[in-house]
Amino acid sequence: MAKENLQVLNALDLAKTQWYHFTAIIIAGMGFFTDAYDLFCISLVTKLLGRIYYHVDGAEKPGTLPPNVAAAVNGVAFCGTLAGQLFFGWLGDKMGRKRVYGMTLMLMVICSVGSGLSFGHSAKSVMATLCFFRFWLGFGIGGDYPLSATIMSEYANKKTRGAFIAAVFAMQGFGILAGGIFAIIISSAFKSRFDAPTYEENAIASTVPQADYVWRIIVIVGAIPAALTYYWRMKMPETARYTALVAKNAKQAASDMSKVLQVDIEAEPKKVERLTHQTGNGFGLFSREFLRRHGLHLLGTTSTWFLLDIAFYSQNLFQKDIFSAIGWIPPAKTMNAIDEVYRIARAQTLIALCSTVPGYWFTVAFIDRIGRFAIQLMGFFFMTVFMFALAIPYNHWTHKDNRIGFVVMYSLTFFFANFGPNATTFVVPAEIFPARLRSTCHGISAASGKLGAIVGAFGFLYLAQNKDKAKADAGYPAGIGVKNSLLLLGGVNFLGILFTFLVPESNGKSLEEMSRENEDEDGEELELEPPPASSRTVPVY
């Protein structure tokens, strides 16, 4: 690394943890809170949508969403997210992080409200409208991934950068928790106000007309945290690394960070010019130089995120089926519609409380101590172990006496996903690529992850079905069963262990050191003349 980095970047790297770090975590994190709430709340209400819009008179079981509709409702937001990650990731490097940041949030607010107001007289029109808004909701959510990660990494100091980026991501845990708790409150309120018989007792009366409001309220409320954060996002200054290294405006970068850090920082325009014009940093994403310097890194970040999300999202999406299989949620016909929402939400909230949320914060606590590589490797290893431990004696776990053991093992898998690759795959791409490609590369890595989520969400919707077609859900072909699905996921996690070795360790290093932005074409360290001692303003920490 160069002996003397830009003073504004040095000041950020060495700054003690201050109030602005925490405001940045909250402002960026509320986007993720909303993301998680919006993406996971749909799994709470899919059974209810089936009862309301796909009821069949005289059927033994309550109505369920047909396979193609269930796949569309669950998966369309992922498709939007993937597109949003690529588009806004690229736009964040072209227009600046801050200018694009408000767009993603407004899209999330408008589409959350639109999803809840899905209109139409027929089931088809309601589902089509819901899918339309959920696609664009996903598009906005997708933009939040590269932008939030990049903004936080560029604002943070190098000592605690990992914890700060992981804390932004950890807000997802609270979003999942909030979704579950809110669904419990709403379904309890409706249940006490509109009592209904079970489906067995009276199929029509078991779904009260007011149940249509339940899912709409749960979906719309996702707009509130995003709307509350909009003003603060607009007040955030552009990151110094973008302003100095990409927009090449040394004066603006120094001025912005002087206000944020509350110290005097010199502009150093000549140094910015030397850094941006006279080094080997002009290469683009599709150049041979990028391939030489960062090709394997990008392969590492994309492949590990892809593999992780296959496992992570397939678990989330068939988690309610696992709860039914082990008896936490009784057969659908023994409950009324609102009671079913209450029970699914309760089970999901318990899992989030016991394993999802603690896992995220364990990463925050340890990422700067033991490093990204160790956490990711450990997480994939234990996910592999617990998946096989669930799958191989699967019949043992389905017996009534062993249910608690199954839930504990299942929770541990989640815990090590979050105290492991689910957090680190988000952190690392924001640290190892050059400033002018950072948001784009993070977007590509995240989009690869969402491709994995689509494989998990769509693929396992079918794969986890019973091998006997008569026992499979209505409209689905026979699958390979839950046991074989879990075995397959164990294999996916094992591949994750292998691909982790392509990802470099960024713990304790500055962003410029990781991206080698202070090197010339030959990889030699670039000497940047420090200003004379008399003219230098040294920040006080």
# chains A, B, ... in the order shown; residues from 1 in each chain; ligands from 1

call {"tool": "closest_atom_pairs", "arguments": {"of": "segment 134-223 of chain A", "to": "segment 40-59 of chain A", "cutoff": "12 Å", "atoms": "only C-alpha atoms", "output": "Markdown table"}}
result
| residue | atom | partner | partner_atom | distance |
| --- | --- | --- | --- | --- |
| A:Arg134 | CA | A:Ile42 | CA | 9.8 |
| A:Gly138 | CA | A:Phe40 | CA | 11.8 |
| A:Gln172 | CA | A:Phe40 | CA | 10.0 |
| A:Gly173 | CA | A:Phe40 | CA | 10.6 |
| A:Phe174 | CA | A:Phe40 | CA | 11.6 |
| A:Gly175 | CA | A:Phe40 | CA | 8.6 |
| A:Ile176 | CA | A:Phe40 | CA | 6.4 |
| A:Leu177 | CA | A:Phe40 | CA | 9.8 |
| A:Ala178 | CA | A:Cys41 | CA | 9.4 |
| A:Gly179 | CA | A:Cys41 | CA | 5.7 |
| A:Gly180 | CA | A:Cys41 | CA | 7.4 |
| A:Ile181 | CA | A:Cys41 | CA | 10.5 |
| A:Phe182 | CA | A:Cys41 | CA | 9.7 |
| A:Ala183 | CA | A:Leu44 | CA | 7.7 |
| A:Ile184 | CA | A:Leu44 | CA | 10.0 |
| A:Ile186 | CA | A:Val45 | CA | 11.9 |
| A:Ser187 | CA | A:Val45 | CA | 10.7 |
| A:Tyr199 | CA | A:Arg51 | CA | 9.9 |
| A:Glu200 | CA | A:Ala59 | CA | 10.1 |
| A:Asn202 | CA | A:Gly58 | CA | 10.3 |
| A:Ala203 | CA | A:Asp57 | CA | 8.0 |
| A:Ile204 | CA | A:Asp57 | CA | 8.1 |
| A:Ala205 | CA | A:Ile52 | CA | 11.2 |
| A:Ser206 | CA | A:Arg51 | CA | 9.2 |
| A:Thr207 | CA | A:Ile52 | CA | 6.8 |
| A:Val208 | CA | A:Ile52 | CA | 8.8 |
| A:Pro209 | CA | A:Ile52 | CA | 8.4 |
| A:Gln210 | CA | A:Ile52 | CA | 10.2 |
| A:Ala211 | CA | A:Ile52 | CA | 7.8 |
| A:Asp212 | CA | A:Ile52 | CA | 7.1 |
| A:Tyr213 | CA | A:Leu48 | CA | 10.8 |
| A:Val214 | CA | A:Val45 | CA | 8.6 |
| A:Trp215 | CA | A:Val45 | CA | 5.9 |
| A:Arg216 | CA | A:Val45 | CA | 9.3 |
| A:Ile217 | CA | A:Val45 | CA | 10.8 |
| A:Ile218 | CA | A:Cys41 | CA | 7.3 |
| A:Val219 | CA | A:Cys41 | CA | 6.9 |
| A:Ile220 | CA | A:Cys41 | CA | 10.4 |
| A:Val221 | CA | A:Cys41 | CA | 10.3 |
| A:Gly222 | CA | A:Cys41 | CA | 8.8 |

call {"tool": "residues_around", "arguments": {"residues": "segment 480-483 of chain A", "least_positions_apart": "3", "cutoff": "6 Å", "atoms": "only C-alpha atoms", "output": "list in words"}}
result
Ala391, Tyr394, Leu463, Ala464, Gln465, Asn466, Lys467 and Leu486 of chain A

call {"tool": "residues_around", "arguments": {"residues": "Ala223 of chain A", "least_positions_apart": "3", "cutoff": "10 Å", "atoms": "only C-alpha atoms", "output": "number ranges by chain"}}
result
A: 34-35, 37-38, 105-114, 219-220, 226-228

call {"tool": "write_last_selection", "arguments": {"atoms": "N, CA, C and O atoms", "output": "tab-separated table (two decimals), in the first residue's frame"}}
result
chain	number	residue	atom	x	y	z
A	34	THR	N	-36.77	-3.49	6.40
A	34	THR	CA	-37.92	-3.52	5.49
A	34	THR	C	-37.80	-4.67	4.49
A	34	THR	O	-38.78	-5.38	4.21
A	35	ASP	N	-36.57	-4.86	3.96
A	35	ASP	CA	-36.33	-5.94	3.00
A	35	ASP	C	-36.78	-7.28	3.57
A	35	ASP	O	-37.52	-8.03	2.94
A	37	TYR	N	-38.62	-7.95	6.24
A	37	TYR	CA	-40.05	-7.96	6.56
A	37	TYR	C	-40.86	-8.29	5.30
A	37	TYR	O	-41.71	-9.18	5.29
A	38	ASP	N	-40.56	-7.56	4.22
A	38	ASP	CA	-41.33	-7.71	2.98
A	38	ASP	C	-41.15	-9.08	2.33
A	38	ASP	O	-42.10	-9.68	1.84
A	105	LEU	N	-35.58	3.33	-1.87
A	105	LEU	CA	-36.48	3.39	-0.71
A	105	LEU	C	-37.90	3.76	-1.13
A	105	LEU	O	-38.87	3.15	-0.66
A	106	MET	N	-38.03	4.75	-2.02
A	106	MET	CA	-39.37	5.17	-2.47
A	106	MET	C	-40.08	4.04	-3.21
A	106	MET	O	-41.28	3.83	-3.07
A	107	LEU	N	-39.30	3.29	-3.99
A	107	LEU	CA	-39.86	2.15	-4.72
A	107	LEU	C	-40.41	1.12	-3.73
A	107	LEU	O	-41.49	0.55	-3.93
A	108	MET	N	-39.66	0.88	-2.64
A	108	MET	CA	-40.08	-0.07	-1.62
A	108	MET	C	-41.38	0.38	-0.93
A	108	MET	O	-42.29	-0.43	-0.71
A	109	VAL	N	-41.47	1.67	-0.63
A	109	VAL	CA	-42.66	2.20	0.05
A	109	VAL	C	-43.89	2.07	-0.85
A	109	VAL	O	-44.93	1.53	-0.45
A	110	ILE	N	-43.76	2.55	-2.09
A	110	ILE	CA	-44.91	2.54	-3.02
A	110	ILE	C	-45.38	1.11	-3.28
A	110	ILE	O	-46.58	0.83	-3.27
A	111	CYS	N	-44.43	0.20	-3.49
A	111	CYS	CA	-44.81	-1.17	-3.86
A	111	CYS	C	-45.31	-2.00	-2.67
A	111	CYS	O	-46.11	-2.91	-2.86
A	112	SER	N	-44.86	-1.67	-1.45
A	112	SER	CA	-45.43	-2.35	-0.27
A	112	SER	C	-46.90	-2.02	-0.14
A	112	SER	O	-47.75	-2.89	0.10
A	113	VAL	N	-47.21	-0.73	-0.31
A	113	VAL	CA	-48.61	-0.29	-0.24
A	113	VAL	C	-49.40	-0.91	-1.40
A	113	VAL	O	-50.50	-1.44	-1.21
A	114	GLY	N	-48.81	-0.88	-2.60
A	114	GLY	CA	-49.46	-1.46	-3.77
A	114	GLY	C	-49.76	-2.94	-3.59
A	114	GLY	O	-50.84	-3.42	-3.97
A	219	VAL	N	-48.95	-6.97	4.90
A	219	VAL	CA	-48.10	-6.59	3.77
A	219	VAL	C	-47.85	-5.08	3.72
A	219	VAL	O	-46.72	-4.62	3.53
A	220	ILE	N	-48.91	-4.29	3.94
A	220	ILE	CA	-48.79	-2.82	3.83
A	220	ILE	C	-47.86	-2.23	4.89
A	220	ILE	O	-47.12	-1.28	4.63
A	226	ALA	N	-39.58	1.97	6.07
A	226	ALA	CA	-38.87	2.55	4.93
A	226	ALA	C	-39.20	4.03	4.79
A	226	ALA	O	-38.31	4.87	4.58
A	227	ALA	N	-40.48	4.37	4.93
A	227	ALA	CA	-40.91	5.77	4.79
A	227	ALA	C	-40.27	6.64	5.86
A	227	ALA	O	-39.87	7.79	5.61
A	228	LEU	N	-40.14	6.09	7.08
A	228	LEU	CA	-39.57	6.87	8.19
A	228	LEU	C	-38.09	7.21	7.97
A	228	LEU	O	-37.58	8.18	8.49

call {"tool": "closest_residue", "arguments": {"among": "A:Pro504, A:Val428, A:Ala240, A:Phe32", "to": "Ser258 of chain A", "atoms": "only C-alpha atoms"}}
result
A:Ala240

call {"tool": "select_by_dssp", "arguments": {"residues": "segment 288-412 of chain A", "states": "alpha helix (DSSP H)", "output": "ChimeraX atom specification"}}
result
/A:288-317,319-325,337-351,357-370,372-391,394-398,403-412

call {"tool": "write_last_selection", "arguments": {"atoms": "C-alpha atoms", "output": "short mmCIF file (atom, residue, chain, number, x, y, z; two decimals), in the first residue's frame"}}
result
data_model
loop_
_atom_site.label_atom_id
_atom_site.label_comp_id
_atom_site.auth_asym_id
_atom_site.auth_seq_id
_atom_site.Cartn_x
_atom_site.Cartn_y
_atom_site.Cartn_z
CA ARG A 288 -8.08 -8.45 -18.63
CA GLU A 289 -6.58 -6.42 -15.77
CA PHE A 290 -9.76 -6.84 -13.68
CA LEU A 291 -9.71 -10.57 -14.41
CA ARG A 292 -6.06 -10.75 -13.30
CA ARG A 293 -6.52 -8.76 -10.11
CA HIS A 294 -10.05 -9.62 -9.02
CA GLY A 295 -11.39 -12.42 -11.25
CA LEU A 296 -11.02 -15.19 -8.64
CA HIS A 297 -12.31 -12.88 -5.92
CA LEU A 298 -15.51 -12.24 -7.89
CA LEU A 299 -15.88 -15.98 -8.56
CA GLY A 300 -15.45 -16.60 -4.82
CA THR A 301 -18.03 -14.00 -3.72
CA THR A 302 -20.61 -15.00 -6.36
CA SER A 303 -20.31 -18.78 -5.90
CA THR A 304 -20.41 -18.76 -2.08
CA TRP A 305 -23.43 -16.42 -2.03
CA PHE A 306 -25.18 -18.56 -4.68
CA LEU A 307 -24.66 -21.79 -2.71
CA LEU A 308 -25.56 -20.22 0.63
CA ASP A 309 -28.86 -18.81 -0.65
CA ILE A 310 -29.97 -22.13 -2.18
CA ALA A 311 -29.85 -23.59 1.33
CA PHE A 312 -30.96 -20.49 3.22
CA TYR A 313 -34.08 -19.64 1.22
CA SER A 314 -35.27 -23.17 0.63
CA GLN A 315 -35.25 -23.65 4.41
CA ASN A 316 -37.23 -20.48 4.98
CA LEU A 317 -39.80 -21.33 2.36
CA GLN A 319 -40.10 -24.16 7.08
CA LYS A 320 -43.89 -24.05 7.58
CA ASP A 321 -44.09 -27.49 5.92
CA ILE A 322 -41.41 -28.79 8.29
CA PHE A 323 -43.42 -27.43 11.24
CA SER A 324 -46.50 -29.25 9.94
CA ALA A 325 -44.51 -32.45 9.39
CA ALA A 337 -58.08 -19.41 8.44
CA ILE A 338 -56.94 -16.76 10.93
CA ASP A 339 -55.85 -19.35 13.51
CA GLU A 340 -53.56 -20.88 10.85
CA VAL A 341 -51.85 -17.50 10.25
CA TYR A 342 -51.39 -17.13 14.02
CA ARG A 343 -49.77 -20.56 14.39
CA ILE A 344 -47.43 -20.20 11.38
CA ALA A 345 -46.37 -16.72 12.61
CA ARG A 346 -45.77 -18.05 16.13
CA ALA A 347 -43.54 -20.89 14.90
CA GLN A 348 -41.57 -18.59 12.58
CA THR A 349 -41.11 -15.99 15.34
CA LEU A 350 -39.80 -18.63 17.74
CA ILE A 351 -37.21 -19.76 15.20
CA VAL A 357 -31.40 -12.98 15.43
CA PRO A 358 -28.66 -14.28 17.79
CA GLY A 359 -26.71 -15.66 14.78
CA TYR A 360 -26.54 -12.25 13.10
CA TRP A 361 -25.29 -10.50 16.23
CA PHE A 362 -22.70 -13.19 16.96
CA THR A 363 -21.23 -12.28 13.57
CA VAL A 364 -21.24 -8.58 14.50
CA ALA A 365 -19.43 -9.38 17.75
CA PHE A 366 -16.75 -11.67 16.28
CA ILE A 367 -16.16 -10.66 12.65
CA ASP A 368 -13.35 -8.21 13.41
CA ARG A 369 -11.77 -10.56 15.93
CA ILE A 370 -11.59 -13.87 14.10
CA ARG A 372 -14.49 -13.12 7.68
CA PHE A 373 -12.82 -16.26 6.29
CA ALA A 374 -12.96 -18.21 9.58
CA ILE A 375 -16.61 -17.32 10.22
CA GLN A 376 -17.67 -18.27 6.69
CA LEU A 377 -15.79 -21.57 6.76
CA MET A 378 -17.13 -22.46 10.20
CA GLY A 379 -20.70 -21.53 9.19
CA PHE A 380 -20.70 -23.66 6.05
CA PHE A 381 -19.10 -26.56 7.96
CA PHE A 382 -21.74 -26.62 10.72
CA MET A 383 -24.58 -26.11 8.23
CA THR A 384 -23.32 -29.20 6.39
CA VAL A 385 -23.09 -31.20 9.62
CA PHE A 386 -26.56 -30.23 10.89
CA MET A 387 -28.23 -30.76 7.51
CA PHE A 388 -26.90 -34.31 7.35
CA ALA A 389 -27.78 -34.83 11.02
CA LEU A 390 -31.37 -33.84 10.20
CA ALA A 391 -31.57 -35.79 6.95
CA TYR A 394 -35.10 -38.08 9.32
CA ASN A 395 -37.72 -40.71 10.27
CA HIS A 396 -36.41 -40.63 13.86
CA TRP A 397 -37.04 -36.86 14.04
CA THR A 398 -40.67 -37.14 12.87
CA ARG A 403 -39.79 -33.14 17.86
CA ILE A 404 -37.95 -30.78 20.19
CA GLY A 405 -34.61 -32.29 19.12
CA PHE A 406 -35.52 -31.70 15.48
CA VAL A 407 -36.39 -28.05 16.13
CA VAL A 408 -33.13 -27.55 18.08
CA MET A 409 -31.07 -28.99 15.19
CA TYR A 410 -33.06 -26.96 12.67
CA SER A 411 -32.49 -23.80 14.74
CA LEU A 412 -28.75 -24.52 14.93
#

call {"tool": "closest_atom_pairs", "arguments": {"of": "segment 29-58 of chain A", "to": "segment 156-171 of chain A", "cutoff": "9 Å", "atoms": "only C-alpha atoms", "output": "JSON lines"}}
result
{"residue": "A:Gly29", "atom": "CA", "partner": "A:Val168", "partner_atom": "CA", "distance": 4.3}
{"residue": "A:Met30", "atom": "CA", "partner": "A:Met171", "partner_atom": "CA", "distance": 6.9}
{"residue": "A:Gly31", "atom": "CA", "partner": "A:Met171", "partner_atom": "CA", "distance": 8.5}
{"residue": "A:Phe32", "atom": "CA", "partner": "A:Met171", "partner_atom": "CA", "distance": 5.8}
{"residue": "A:Phe33", "atom": "CA", "partner": "A:Met171", "partner_atom": "CA", "distance": 5.0}
{"residue": "A:Thr34", "atom": "CA", "partner": "A:Met171", "partner_atom": "CA", "distance": 8.8}
{"residue": "A:Ala36", "atom": "CA", "partner": "A:Met171", "partner_atom": "CA", "distance": 8.3}

call {"tool": "residues_around", "arguments": {"residues": "segment 5-14 of chain A", "least_positions_apart": "6", "cutoff": "8 Å", "atoms": "only C-alpha atoms", "output": "mmCIF file with C-alpha atoms, in the first residue's frame"}}
result
data_model
loop_
_atom_site.group_PDB
_atom_site.id
_atom_site.type_symbol
_atom_site.label_atom_id
_atom_site.label_comp_id
_atom_site.auth_asym_id
_atom_site.auth_seq_id
_atom_site.Cartn_x
_atom_site.Cartn_y
_atom_site.Cartn_z
ATOM 1 C CA TYR A 155 -17.996 5.299 5.941
ATOM 2 C CA ALA A 156 -16.520 2.830 8.444
ATOM 3 C CA ASN A 157 -13.086 2.769 10.050
ATOM 4 C CA LYS A 158 -10.890 -0.209 9.247
ATOM 5 C CA LYS A 159 -10.806 -1.557 12.804
ATOM 6 C CA ALA A 240 -15.717 10.390 0.554
ATOM 7 C CA ARG A 241 -14.346 7.440 -1.379
ATOM 8 C CA ALA A 253 -14.859 14.942 -0.141
ATOM 9 C CA ALA A 254 -12.761 16.854 2.408
ATOM 10 C CA MET A 257 -16.032 14.400 5.899
ATOM 11 C CA LEU A 261 -15.893 13.644 11.563
ATOM 12 C CA ILE A 265 -9.259 17.771 6.629
ATOM 13 C CA GLU A 266 -7.149 19.074 3.781
ATOM 14 C CA ALA A 267 -8.522 18.686 0.233
ATOM 15 C CA GLU A 268 -5.304 17.495 -1.537
ATOM 16 C CA LYS A 271 -2.967 13.782 -4.772
ATOM 17 C CA VAL A 272 -6.449 12.788 -5.978
ATOM 18 C CA SER A 510 -8.041 -0.488 4.473
ATOM 19 C CA ASN A 518 -2.680 2.655 -4.601
ATOM 20 C CA LEU A 528 2.238 9.821 -2.803
ATOM 21 C CA PRO A 539 -7.284 14.899 12.848
#

call {"tool": "closest_residue", "arguments": {"among": "A:Thr198, A:Ser153, A:Asn422, A:Ser355", "to": "Asn336 of chain A", "atoms": "only C-alpha atoms"}}
result
A:Thr198

call {"tool": "closest_atom_pairs", "arguments": {"of": "segment 167-275 of chain A", "to": "segment 436-459 of chain A", "cutoff": "8 Å", "atoms": "only C-alpha atoms", "output": "JSON lines"}}
result
{"residue": "A:Tyr242", "atom": "CA", "partner": "A:Arg436", "partner_atom": "CA", "distance": 7.2}
{"residue": "A:Leu245", "atom": "CA", "partner": "A:Arg436", "partner_atom": "CA", "distance": 7.4}
{"residue": "A:Val246", "atom": "CA", "partner": "A:Arg436", "partner_atom": "CA", "distance": 5.6}

call {"tool": "atom_distance", "arguments": {"atom1": "atom CA of Met152 of chain A", "atom2": "atom CA of Ala28 of chain A"}}
result
7.5 Å

call {"tool": "atom_distance", "arguments": {"atom1": "atom CA of Trp328 of chain A", "atom2": "atom CA of Ala77 of chain A"}}
result
27.9 Å

call {"tool": "atom_distance", "arguments": {"atom1": "atom CA of Ala417 of chain A", "atom2": "atom CA of Leu137 of chain A"}}
result
25.1 Å

call {"tool": "closest_residue", "arguments": {"among": "A:Phe494, A:Phe433, A:Phe501, A:Tyr20", "to": "Val260 of chain A", "atoms": "only C-alpha atoms"}}
result
A:Tyr20

call {"tool": "closest_residue", "arguments": {"among": "A:Gly491, A:Thr229, A:Ile141, A:Gly92", "to": "Phe78 of chain A", "atoms": "only C-alpha atoms"}}
result
A:Ile141

call {"tool": "decode", "arguments": {"residues": "segment 193-206 of chain A", "atoms": "N, CA, C and O atoms", "output": "JSON list (two decimals), in the first residue's frame"}}
result
[["chain", "number", "residue", "atom", "x", "y", "z"],
["A", 193, "ARG", "N", -62.01, -11.02, 17.60],
["A", 193, "ARG", "CA", -63.15, -10.20, 17.14],
["A", 193, "ARG", "C", -64.08, -11.00, 16.22],
["A", 193, "ARG", "O", -65.29, -10.86, 16.28],
["A", 194, "PHE", "N", -63.48, -11.84, 15.36],
["A", 194, "PHE", "CA", -64.29, -12.59, 14.39],
["A", 194, "PHE", "C", -64.06, -14.09, 14.59],
["A", 194, "PHE", "O", -63.25, -14.70, 13.90],
["A", 195, "ASP", "N", -64.78, -14.64, 15.56],
["A", 195, "ASP", "CA", -64.59, -16.06, 15.87],
["A", 195, "ASP", "C", -65.17, -16.91, 14.74],
["A", 195, "ASP", "O", -66.19, -16.56, 14.16],
["A", 196, "ALA", "N", -64.49, -18.01, 14.44],
["A", 196, "ALA", "CA", -64.95, -18.86, 13.34],
["A", 196, "ALA", "C", -64.72, -20.33, 13.69],
["A", 196, "ALA", "O", -63.79, -20.66, 14.43],
["A", 197, "PRO", "N", -65.57, -21.22, 13.13],
["A", 197, "PRO", "CA", -65.36, -22.67, 13.37],
["A", 197, "PRO", "C", -64.15, -23.16, 12.57],
["A", 197, "PRO", "O", -63.64, -22.46, 11.70],
["A", 198, "THR", "N", -63.71, -24.38, 12.87],
["A", 198, "THR", "CA", -62.59, -24.95, 12.10],
["A", 198, "THR", "C", -63.11, -25.36, 10.71],
["A", 198, "THR", "O", -64.33, -25.44, 10.49],
["A", 199, "TYR", "N", -62.17, -25.66, 9.82],
["A", 199, "TYR", "CA", -62.54, -26.05, 8.45],
["A", 199, "TYR", "C", -63.38, -27.33, 8.47],
["A", 199, "TYR", "O", -64.34, -27.48, 7.71],
["A", 200, "GLU", "N", -63.03, -28.27, 9.36],
["A", 200, "GLU", "CA", -63.76, -29.56, 9.47],
["A", 200, "GLU", "C", -65.22, -29.32, 9.82],
["A", 200, "GLU", "O", -66.11, -29.96, 9.29],
["A", 201, "GLU", "N", -65.44, -28.37, 10.75],
["A", 201, "GLU", "CA", -66.81, -28.13, 11.24],
["A", 201, "GLU", "C", -67.66, -27.40, 10.20],
["A", 201, "GLU", "O", -68.82, -27.74, 10.00],
["A", 202, "ASN", "N", -67.08, -26.37, 9.58],
["A", 202, "ASN", "CA", -67.83, -25.61, 8.57],
["A", 202, "ASN", "C", -66.84, -24.96, 7.61],
["A", 202, "ASN", "O", -66.21, -23.95, 7.92],
["A", 203, "ALA", "N", -66.69, -25.58, 6.45],
["A", 203, "ALA", "CA", -65.64, -25.16, 5.50],
["A", 203, "ALA", "C", -65.78, -23.69, 5.10],
["A", 203, "ALA", "O", -64.80, -22.94, 5.10],
["A", 204, "ILE", "N", -67.01, -23.25, 4.78],
["A", 204, "ILE", "CA", -67.20, -21.87, 4.30],
["A", 204, "ILE", "C", -66.97, -20.87, 5.43],
["A", 204, "ILE", "O", -66.23, -19.90, 5.30],
["A", 205, "ALA", "N", -67.59, -21.14, 6.58],
["A", 205, "ALA", "CA", -67.53, -20.19, 7.71],
["A", 205, "ALA", "C", -66.15, -20.11, 8.35],
["A", 205, "ALA", "O", -65.85, -19.16, 9.08],
["A", 206, "SER", "N", -65.29, -21.11, 8.09],
["A", 206, "SER", "CA", -63.95, -21.11, 8.73],
["A", 206, "SER", "C", -63.08, -19.96, 8.23],
["A", 206, "SER", "O", -62.14, -19.55, 8.89]]
